[in-house]
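Q: Supplied in structure tokens, the structure appears directly below.
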Amino acid sequence: MLPQSLQDLIARQSGVISRGQALDAGLTPAAVDDRLRLRRWRPVHPGVYLAAGHPCDDEARVRAAVLWAGPGAVLSGLAAAWWHGMVEEAPLRITVIVPEPRRRRSGGDP
């Protein structure tokens with residue numbers, strides 16, 4: 001059985017969960033792998049899963065794309081317009097903007 005906090009997170013995210021979120025919530029890597037093996041979760045993207053019983057609808061697809069893109073990622077273009085109710089149909093292609101990683105410079109400059 002999953003902790004209630006993790007069940008609540010999955011419900012809020014339309015059935016979508018990232019491996020990192022599951023681990024942060026206290027599941028072990030083996031427990032995540034067991035859920036996949038038993039088909040309680042199925043992969044949507046690498047490290048992003050859809051819980052059994054939840055449809056892979058437009059909201060789940062969008063949430064999965066952002067989770068897969070990683071921390072700081074945001075929706076862009078038509079996907080963002082759909083998310084905010086500005087267009088009626090979700091696009092087939094979901095565009096996500098990912099922040100550029102900070103690069104360390106030699107010589108002590110930040």
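Following the order of the structure tokens, chains are lettered A, B, ..., residues in each are numbered from 1, and ligands are numbered from 1.
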Excluding region 55-69 of chain A and residues on its chain fewer than 6 positions from it, collect all residues at most 8 Å away from it, counting only C-alpha atoms, and give them as number ranges by chain.

A: A: 13-18, 44-49, 75, 79, 90, 94, 96, 98

Q: If we count only C-alpha atoms, what is near Asp33 (chain A) at a cut-off of 12 Å, once residues fewer than 6 positions away on the same chain are taken out, given as a PyMOL selection string?

A: chain A and resi 19+22-23+27+39-43+47+49

Q: What does the structure give for the distance between CA of Glu89 (chain A) and CA of Ser76 (chain A), in Å to one decimal?

A: 14.8 Å

Q: Just how far from CA of Ala81 (chain A) is CA of Arg12 (chain A), in Å to one decimal?

A: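 Taking CA of Arg12 (chain A) as the start and CA of Ala81 (chain A) as the end point, the length is 20.3 Å.
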
Q: So how far away is CA of Val74 (chain A) from CA of Arg93 (chain A), in Å?

A: 14.3 Å

Q: With a distance cut-off of 12 Å and only C-alpha atoms, select the neighbouring residues of Pro101 (chain A), excluding the residue or stretch itself and same-chain residues fewer than 5 positions from it, and output the selection as a PDB file with N, CA, C and O atoms, in the first residue's frame.

A:
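Saved to around_3.pdb:
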ATOM      1  N   GLY A  70      11.977  17.760 -16.196  1.00  0.00           N
ATOM      2  CA  GLY A  70      12.754  18.016 -14.996  1.00  0.00           C
ATOM      3  C   GLY A  70      12.432  19.315 -14.282  1.00  0.00           C
ATOM      4  O   GLY A  70      11.583  20.092 -14.720  1.00  0.00           O
ATOM      5  N   PRO A  71      13.142  19.544 -13.171  1.00  0.00           N
ATOM      6  CA  PRO A  71      12.889  20.725 -12.340  1.00  0.00           C
ATOM      7  C   PRO A  71      13.045  22.019 -13.138  1.00  0.00           C
ATOM      8  O   PRO A  71      13.963  22.172 -13.925  1.00  0.00           O
ATOM      9  N   GLY A  72      12.124  22.923 -12.915  1.00  0.00           N
ATOM     10  CA  GLY A  72      12.184  24.214 -13.580  1.00  0.00           C
ATOM     11  C   GLY A  72      11.561  24.243 -14.964  1.00  0.00           C
ATOM     12  O   GLY A  72      11.427  25.305 -15.567  1.00  0.00           O
ATOM     13  N   ALA A  73      11.166  23.087 -15.493  1.00  0.00           N
ATOM     14  CA  ALA A  73      10.566  23.029 -16.826  1.00  0.00           C
ATOM     15  C   ALA A  73       9.162  23.619 -16.775  1.00  0.00           C
ATOM     16  O   ALA A  73       8.457  23.495 -15.779  1.00  0.00           O
TER      17      ALA A  73
END

Q: Would you return as a PyMOL selection string the members of region 12-103 of chain A that DSSP assigns to strand (DSSP E or B) on this structure's backbone?

A: chain A and resi 16-18+41-45+48-51+74-76+95-97

Q: Output N, CA, C and O atoms of each residue in that selection to a file, as an mmCIF file, in the first residue's frame.

A:
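Result written to again_14.cif:
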data_model
loop_
_atom_site.group_PDB
_atom_site.id
_atom_site.type_symbol
_atom_site.label_atom_id
_atom_site.label_comp_id
_atom_site.auth_asym_id
_atom_site.auth_seq_id
_atom_site.Cartn_x
_atom_site.Cartn_y
_atom_site.Cartn_z
ATOM 1 N N VAL A 16 -0.148 10.649 -12.663
ATOM 2 C CA VAL A 16 1.240 10.659 -13.113
ATOM 3 C C VAL A 16 2.171 10.895 -11.925
ATOM 4 O O VAL A 16 1.890 11.712 -11.053
ATOM 5 N N ILE A 17 3.284 10.182 -11.911
ATOM 6 C CA ILE A 17 4.282 10.302 -10.843
ATOM 7 C C ILE A 17 5.662 10.101 -11.450
ATOM 8 O O ILE A 17 5.835 9.281 -12.345
ATOM 9 N N SER A 18 6.631 10.839 -10.961
ATOM 10 C CA SER A 18 8.007 10.614 -11.409
ATOM 11 C C SER A 18 8.708 9.695 -10.414
ATOM 12 O O SER A 18 8.320 9.595 -9.246
ATOM 13 N N TRP A 41 2.017 0.558 -12.078
ATOM 14 C CA TRP A 41 2.431 1.772 -12.773
ATOM 15 C C TRP A 41 2.971 1.343 -14.120
ATOM 16 O O TRP A 41 3.552 0.277 -14.249
ATOM 17 N N ARG A 42 2.778 2.196 -15.126
ATOM 18 C CA ARG A 42 3.372 1.896 -16.422
ATOM 19 C C ARG A 42 4.141 3.109 -16.910
ATOM 20 O O ARG A 42 3.739 4.250 -16.664
ATOM 21 N N PRO A 43 5.265 2.874 -17.569
ATOM 22 C CA PRO A 43 6.091 3.999 -18.032
ATOM 23 C C PRO A 43 5.365 4.832 -19.092
ATOM 24 O O PRO A 43 4.701 4.289 -19.976
ATOM 25 N N VAL A 44 5.503 6.148 -18.957
ATOM 26 C CA VAL A 44 5.013 7.076 -19.966
ATOM 27 C C VAL A 44 6.214 7.697 -20.672
ATOM 28 O O VAL A 44 6.240 7.838 -21.884
ATOM 29 N N HIS A 45 7.210 8.081 -19.881
ATOM 30 C CA HIS A 45 8.516 8.579 -20.338
ATOM 31 C C HIS A 45 9.544 7.952 -19.405
ATOM 32 O O HIS A 45 9.178 7.430 -18.351
ATOM 33 N N VAL A 48 9.056 8.423 -15.597
ATOM 34 C CA VAL A 48 7.734 9.005 -15.357
ATOM 35 C C VAL A 48 6.699 7.930 -15.640
ATOM 36 O O VAL A 48 6.735 7.288 -16.690
ATOM 37 N N TYR A 49 5.761 7.745 -14.699
ATOM 38 C CA TYR A 49 4.837 6.629 -14.761
ATOM 39 C C TYR A 49 3.394 7.085 -14.616
ATOM 40 O O TYR A 49 3.108 8.120 -14.019
ATOM 41 N N LEU A 50 2.489 6.256 -15.129
ATOM 42 C CA LEU A 50 1.056 6.463 -14.976
ATOM 43 C C LEU A 50 0.525 5.325 -14.115
ATOM 44 O O LEU A 50 0.743 4.148 -14.422
ATOM 45 N N ALA A 51 -0.174 5.681 -13.046
ATOM 46 C CA ALA A 51 -0.723 4.679 -12.133
ATOM 47 C C ALA A 51 -1.904 3.970 -12.782
ATOM 48 O O ALA A 51 -2.684 4.572 -13.520
ATOM 49 N N VAL A 74 8.779 24.288 -17.868
ATOM 50 C CA VAL A 74 7.444 24.871 -17.971
ATOM 51 C C VAL A 74 6.857 24.590 -19.341
ATOM 52 O O VAL A 74 7.584 24.419 -20.324
ATOM 53 N N LEU A 75 5.543 24.552 -19.395
ATOM 54 C CA LEU A 75 4.857 24.390 -20.673
ATOM 55 C C LEU A 75 5.050 25.633 -21.524
ATOM 56 O O LEU A 75 5.192 26.737 -21.002
ATOM 57 N N SER A 76 4.981 25.429 -22.835
ATOM 58 C CA SER A 76 5.116 26.539 -23.763
ATOM 59 C C SER A 76 4.126 26.376 -24.905
ATOM 60 O O SER A 76 3.577 25.292 -25.117
ATOM 61 N N THR A 95 5.041 21.190 -26.000
ATOM 62 C CA THR A 95 6.305 21.925 -25.968
ATOM 63 C C THR A 95 6.613 22.326 -24.536
ATOM 64 O O THR A 95 5.763 22.882 -23.839
ATOM 65 N N VAL A 96 7.847 22.043 -24.117
ATOM 66 C CA VAL A 96 8.289 22.342 -22.768
ATOM 67 C C VAL A 96 9.596 23.115 -22.863
ATOM 68 O O VAL A 96 10.468 22.786 -23.670
ATOM 69 N N ILE A 97 9.727 24.138 -22.043
ATOM 70 C CA ILE A 97 10.975 24.897 -21.965
ATOM 71 C C ILE A 97 11.722 24.420 -20.730
ATOM 72 O O ILE A 97 11.157 24.321 -19.642
#
